[in-house]
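So this block is coords_18.txt, compact mmCIF, C-alpha atoms:
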# COMPACT_ATOMS: atom_id res chain seq x y z
CA ASN A 1470 7.73 19.97 5.31
CA VAL A 1471 4.45 19.05 3.58
CA VAL A 1472 3.56 15.38 3.10
CA ILE A 1473 1.57 14.64 -0.06
CA CYS A 1474 -0.22 11.38 -0.85
CA LEU A 1475 -1.59 10.61 -4.29
CA ASP A 1476 -3.82 7.59 -4.86
CA MET A 1477 -3.13 6.56 -8.47
CA GLU A 1478 -5.95 4.29 -9.56
CA LYS A 1479 -6.50 5.41 -13.13
CA VAL A 1480 -3.49 7.57 -13.99
CA ARG A 1481 -2.08 6.74 -17.39
CA LYS A 1482 0.11 9.66 -18.43
CA LEU A 1483 2.92 11.43 -16.57
CA LEU A 1484 3.08 8.66 -13.98
CA GLU A 1485 6.86 8.83 -13.61
CA ASP A 1486 6.78 12.64 -13.21
CA MET A 1487 4.20 12.45 -10.41
CA LEU A 1488 6.01 9.68 -8.56
CA GLY A 1489 9.04 11.92 -8.07
CA ILE A 1490 7.18 14.79 -6.41
CA VAL A 1491 4.71 12.95 -4.15
CA SER A 1492 5.68 11.83 -0.63
CA PHE A 1493 3.46 8.72 -0.62
CA PRO A 1494 2.22 7.65 -4.04
CA ILE A 1495 -0.20 4.72 -3.81
CA VAL A 1496 -0.33 2.96 -7.18
CA SER A 1497 -2.96 0.34 -8.04
CA LYS A 1498 -2.42 -2.98 -9.77
CA GLU A 1499 -4.38 -1.70 -12.77
CA VAL A 1500 -2.04 1.26 -13.29
CA CYS A 1501 0.99 -0.99 -12.82
CA LYS A 1502 -0.28 -3.39 -15.47
CA ILE A 1503 -0.82 -0.49 -17.90
CA GLN A 1504 2.82 0.43 -17.25
CA GLY A 1505 3.84 -3.15 -18.17
CA PHE A 1506 4.41 -4.72 -14.75
CA SER A 1507 3.15 -8.27 -14.24
CA ASP A 1508 3.42 -8.61 -10.46
CA LEU A 1509 3.76 -6.69 -7.21
CA GLN A 1510 7.52 -7.06 -6.76
CA ALA A 1511 8.27 -6.08 -10.36
CA ALA A 1512 6.09 -2.99 -9.99
CA LEU A 1513 7.83 -1.98 -6.75
CA ALA A 1514 11.28 -2.45 -8.31
CA GLY A 1515 10.43 -0.65 -11.55
CA LEU A 1516 8.36 2.27 -10.27
CA SER A 1517 10.63 2.98 -7.28
CA LYS A 1518 13.29 4.21 -9.72
CA HIS A 1519 11.11 7.29 -10.24
CA CYS A 1520 10.36 7.94 -6.54
CA SER A 1521 12.20 10.29 -4.24
CA HIS A 1522 10.80 9.21 -0.86
CA ALA A 1523 8.42 6.25 -0.85
CA LEU A 1524 6.09 4.11 -2.94
CA VAL A 1525 3.08 1.96 -2.05
CA VAL A 1526 1.71 -0.52 -4.59
CA THR A 1527 -1.59 -2.35 -4.09
CA TRP A 1528 -2.17 -5.68 -5.84
CA GLY A 1529 -5.66 -6.80 -4.81
CA ASP A 1530 -5.77 -10.40 -3.64
CA LYS A 1531 -1.95 -10.54 -3.57
CA GLY A 1532 -1.71 -7.75 -0.97
CA ALA A 1533 0.46 -4.65 -1.15
CA GLY A 1534 4.06 -3.55 -0.85
CA MET A 1535 6.13 -0.53 0.05
CA TRP A 1536 9.50 0.82 -1.01
CA LEU A 1537 11.35 3.44 1.08
CA ALA A 1538 14.27 5.47 -0.26
CA ASP A 1539 16.06 5.57 3.08
CA GLY A 1540 15.69 1.84 3.67
CA ILE A 1541 13.77 -0.42 6.02
CA SER A 1542 16.49 -1.61 8.40
CA GLU A 1543 15.11 0.27 11.43
CA LEU A 1544 11.47 -0.68 10.80
CA THR A 1545 9.47 -3.04 13.00
CA PHE A 1546 8.08 -6.21 11.40
CA SER A 1547 5.78 -7.83 13.96
CA ASN A 1548 3.02 -9.06 11.64
CA ASP A 1549 3.31 -12.53 10.07
CA LYS A 1550 1.86 -11.24 6.79
CA LEU A 1551 4.87 -8.92 6.27
CA GLN A 1552 7.98 -9.99 4.35
CA LYS A 1553 11.21 -8.09 3.77
CA ILE A 1554 12.18 -8.26 0.10
CA ASP A 1555 15.42 -6.25 0.16
CA ASP A 1556 17.00 -3.32 2.03
CA HIS A 1557 14.32 -0.91 0.77
CA THR A 1558 11.24 -3.03 0.09
CA PHE A 1559 8.66 -5.12 1.96
CA THR A 1560 5.34 -6.71 1.05
CA CYS A 1561 2.22 -7.65 2.97
CA ASP A 1562 0.05 -10.62 2.01
CA ALA A 1563 -3.65 -9.97 1.48
CA HIS A 1564 -6.11 -11.25 4.05
CA LYS A 1565 -8.24 -14.13 2.82
CA VAL A 1566 -11.87 -13.21 2.18
CA ASP A 1567 -14.21 -16.20 1.95
CA ASP A 1568 -17.25 -14.37 0.65
CA ILE A 1569 -16.78 -11.14 -1.31
CA VAL A 1570 -19.99 -9.15 -0.93
CA ASP A 1571 -18.99 -5.76 -2.37
CA SER A 1572 -15.62 -4.67 -3.75
CA CYS A 1573 -16.58 -1.03 -4.35
CA GLY A 1574 -14.51 1.15 -2.02
CA ALA A 1575 -11.97 -1.48 -0.95
CA GLY A 1576 -9.11 0.56 -2.44
CA ASP A 1577 -10.37 3.67 -0.69
CA CYS A 1578 -10.43 1.73 2.60
CA PHE A 1579 -6.82 0.67 1.99
CA THR A 1580 -5.75 4.27 1.37
CA ALA A 1581 -7.67 5.59 4.39
CA GLY A 1582 -6.24 2.90 6.65
CA PHE A 1583 -2.69 3.48 5.44
CA LEU A 1584 -2.88 7.26 5.80
CA TYR A 1585 -4.50 7.08 9.23
CA CYS A 1586 -1.83 4.74 10.57
CA ALA A 1587 1.08 6.43 8.80
CA SER A 1588 0.06 9.76 10.30
CA HIS A 1589 -0.51 8.42 13.84
CA LEU A 1590 2.28 5.87 14.24
CA ASP A 1591 6.03 6.22 14.50
CA ARG A 1592 7.90 5.83 11.17
CA THR A 1593 9.34 2.53 12.36
CA LEU A 1594 5.79 1.13 12.23
CA LEU A 1595 5.15 1.88 8.54
CA PRO A 1596 4.94 -1.87 7.83
CA GLU A 1597 2.08 -2.06 10.33
CA SER A 1598 0.36 0.77 8.42
CA VAL A 1599 0.42 -1.34 5.25
CA ALA A 1600 -0.70 -4.45 7.17
CA LEU A 1601 -3.65 -2.65 8.76
CA ALA A 1602 -4.59 -1.11 5.40
CA CYS A 1603 -4.68 -4.59 3.82
CA LYS A 1604 -6.80 -5.87 6.72
CA LEU A 1605 -9.22 -2.93 6.43
CA ALA A 1606 -9.63 -3.39 2.67
CA ALA A 1607 -10.31 -7.12 3.16
CA SER A 1608 -12.85 -6.37 5.87
CA LYS A 1609 -14.65 -4.00 3.50
CA LEU A 1610 -14.96 -6.77 0.88
CA GLY A 1611 -17.13 -8.82 3.24
CA HIS A 1612 -19.70 -6.07 3.84
CA PRO A 1613 -22.10 -4.12 1.63
CA GLY A 1614 -21.52 -0.39 1.26
CA MET A 1615 -18.91 1.25 3.45
CA THR A 1616 -19.50 -0.84 6.55
CA VAL A 1617 -16.41 -2.44 8.10
CA ASP A 1618 -15.85 -4.43 11.25
CA PRO A 1619 -14.69 -1.87 13.89
CA SER A 1620 -12.39 -4.45 15.50
CA VAL A 1621 -10.16 -4.16 12.42
CA LEU A 1622 -9.02 -0.78 13.72
CA ASN A 1623 -7.51 -2.26 16.88
CA PHE A 1624 -3.74 -1.98 16.47
structure tokens encoding of this file:
Amino acid sequence: NVVICLDMEKVRKLLEDMLGIVSFPIVSKEVCKIQGFSDLQAALAGLSKHCSHALVVTWGDKGAGMWLADGISELTFSNDKLQKIDDHTFTCDAHKVDDIVDSCGAGDCFTAGFLYCASHLDRTLLPESVALACKLAASKLGHPGMTVDPSVLNF
């Protein structure tokens, strides 16, 4: 079984077709807005109809969310930034950043953090993967270039 992740930051055409064949599509706020969604929860609800396994949506300073086809009932929610929305969906609040130094690469940090955790942790800890990815992206915002605080990776 091959797991495929696709980071959709600028995709405009064939979005629905790609969502159905990718294991972990990660869709940005910008793509969601092009598709007509005005907020994170609406994007998760609308785009998940085209997904066969999972969906991750990033929404900048509002955080991120995840939808899972087989539900979230057995998942662990130990982080206070995580909220269950329904039987298949949860969101994670963004971490507050007082001084944004450089936003270039923050989305890439989110994706890297999510994929690292999702591939190293038990499936029940997928919410923690999203939480750590949000924390890593926020940490990147406070530093120039691709420097992040190494303590962020403690989980």
| message | Residues near Glu1543 (chain A), anyone? I mean within 10 Å using only C-alpha atoms, not counting same-chain ones fewer than 6 positions away, as a list in words. | response | Arg1592, Thr1593 and Leu1594 of chain A
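Comparing the minimum interatomic distances between Lys1565 (chain A) and each of A:Ala1606, A:Ala1581, A:Ile1541, A:Met1535, counting all atoms listed in the file, we find that A:Ala1606 sits nearest.
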| request: Just the residues within 10 Å of Asp1508 (chain A), please, counting all atoms listed in the file, with nothing from its chain fewer than 4 positions along; format it as number ranges by chain. | output: A: 1498, 1501-1502, 1512-1513, 1528, 1531
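Distance annotation: of A:Ile1495, A:Leu1537, A:Leu1488, A:Leu1544, the residue with the minimal separation from Asp1591 (chain A) is A:Leu1544; atom set is all atoms listed in the file.
Counting only C-alpha atoms, the residue from A:Ala1575, A:Ile1490, A:Leu1509, A:Leu1601 that sits nearest to Thr1560 (chain A) is A:Leu1509.
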| said: From the options A:Cys1586, A:Val1566, A:Cys1603, A:Leu1595, which residue's atoms come nearest to Ala1523 (chain A), counting all atoms listed in the file? | reply: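 Nearest candidate to Ala1523 (chain A) out of A:Cys1586, A:Val1566, A:Cys1603, A:Leu1595: A:Leu1595.
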| said: Given all atoms listed in the file as the basis, pick out the residue of A:Ala1607, A:Leu1484, A:Ala1602, A:Leu1590 nearest to Cys1573 (chain A). | reply: A:Ala1607
| request: Please provide the set of residues having any atom within 7 Å of region 1470-1478 of chain A, restricted to all atoms listed in the file, with same-chain residues fewer than 3 positions apart removed, written as a ChimeraX atom specification. | output: /A:1491-1497,1499-1500
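Residues lying within 9 Å of Phe1546 (chain A), counting only C-alpha atoms and ignoring same-chain neighbours fewer than 2 positions away, are Leu1544, Asn1548, Asp1549, Leu1551, Gln1552, Lys1553, Thr1593, Leu1594, Pro1596 and Glu1597 of chain A.
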Saved region 1486-1504 of chain A from the preceding structure, N, CA, C and O atoms, as a short mmCIF file (atom, residue, chain, number, x, y, z; two decimals), in the first residue's frame:
data_model
loop_
_atom_site.label_atom_id
_atom_site.label_comp_id
_atom_site.auth_asym_id
_atom_site.auth_seq_id
_atom_site.Cartn_x
_atom_site.Cartn_y
_atom_site.Cartn_z
N ASP A 1486 -10.58 15.80 -8.78
CA ASP A 1486 -10.03 14.53 -9.27
C ASP A 1486 -8.80 14.11 -8.47
O ASP A 1486 -8.64 12.94 -8.13
N MET A 1487 -7.94 15.05 -8.14
CA MET A 1487 -6.73 14.72 -7.39
C MET A 1487 -7.04 14.34 -5.95
O MET A 1487 -6.39 13.46 -5.38
N LEU A 1488 -8.02 14.99 -5.36
CA LEU A 1488 -8.36 14.69 -3.97
C LEU A 1488 -8.74 13.22 -3.78
O LEU A 1488 -8.45 12.63 -2.75
N GLY A 1489 -9.38 12.64 -4.77
CA GLY A 1489 -9.86 11.27 -4.65
C GLY A 1489 -8.79 10.20 -4.77
O GLY A 1489 -9.00 9.06 -4.38
N ILE A 1490 -7.62 10.56 -5.30
CA ILE A 1490 -6.58 9.54 -5.51
C ILE A 1490 -5.37 9.70 -4.60
O ILE A 1490 -4.49 8.85 -4.58
N VAL A 1491 -5.32 10.77 -3.82
CA VAL A 1491 -4.18 11.04 -2.95
C VAL A 1491 -4.52 10.63 -1.51
O VAL A 1491 -5.61 10.90 -1.03
N SER A 1492 -3.58 9.98 -0.84
CA SER A 1492 -3.80 9.55 0.54
C SER A 1492 -3.95 10.72 1.50
O SER A 1492 -4.84 10.74 2.34
N PHE A 1493 -3.04 11.69 1.41
CA PHE A 1493 -3.05 12.86 2.28
C PHE A 1493 -2.92 14.14 1.46
O PHE A 1493 -1.84 14.70 1.34
N PRO A 1494 -4.01 14.64 0.90
CA PRO A 1494 -3.93 15.94 0.24
C PRO A 1494 -3.86 17.03 1.31
O PRO A 1494 -4.58 16.97 2.32
N ILE A 1495 -2.96 17.99 1.11
CA ILE A 1495 -2.86 19.15 1.99
C ILE A 1495 -3.20 20.36 1.13
O ILE A 1495 -2.48 20.70 0.20
N VAL A 1496 -4.34 20.99 1.42
CA VAL A 1496 -4.86 22.06 0.58
C VAL A 1496 -4.76 23.38 1.34
O VAL A 1496 -5.20 23.49 2.49
N SER A 1497 -4.20 24.39 0.67
CA SER A 1497 -4.00 25.70 1.29
C SER A 1497 -5.27 26.54 1.28
O SER A 1497 -6.18 26.31 0.48
N LYS A 1498 -5.27 27.54 2.15
CA LYS A 1498 -6.37 28.50 2.22
C LYS A 1498 -6.61 29.16 0.87
O LYS A 1498 -7.75 29.35 0.45
N GLU A 1499 -5.53 29.49 0.16
CA GLU A 1499 -5.65 30.18 -1.12
C GLU A 1499 -6.41 29.32 -2.14
O GLU A 1499 -7.28 29.81 -2.85
N VAL A 1500 -6.07 28.03 -2.20
CA VAL A 1500 -6.77 27.13 -3.12
C VAL A 1500 -8.23 26.98 -2.70
O VAL A 1500 -9.14 26.99 -3.53
N CYS A 1501 -8.47 26.87 -1.41
CA CYS A 1501 -9.85 26.76 -0.91
C CYS A 1501 -10.68 27.98 -1.29
O CYS A 1501 -11.84 27.85 -1.68
N LYS A 1502 -10.08 29.15 -1.16
CA LYS A 1502 -10.82 30.38 -1.51
C LYS A 1502 -11.13 30.42 -3.01
O LYS A 1502 -12.22 30.83 -3.39
N ILE A 1503 -10.19 29.97 -3.84
CA ILE A 1503 -10.45 29.89 -5.28
C ILE A 1503 -11.62 28.96 -5.57
O ILE A 1503 -12.41 29.19 -6.47
N GLN A 1504 -11.74 27.92 -4.75
CA GLN A 1504 -12.83 26.95 -4.91
C GLN A 1504 -14.15 27.46 -4.31
O GLN A 1504 -15.16 26.77 -4.36
#
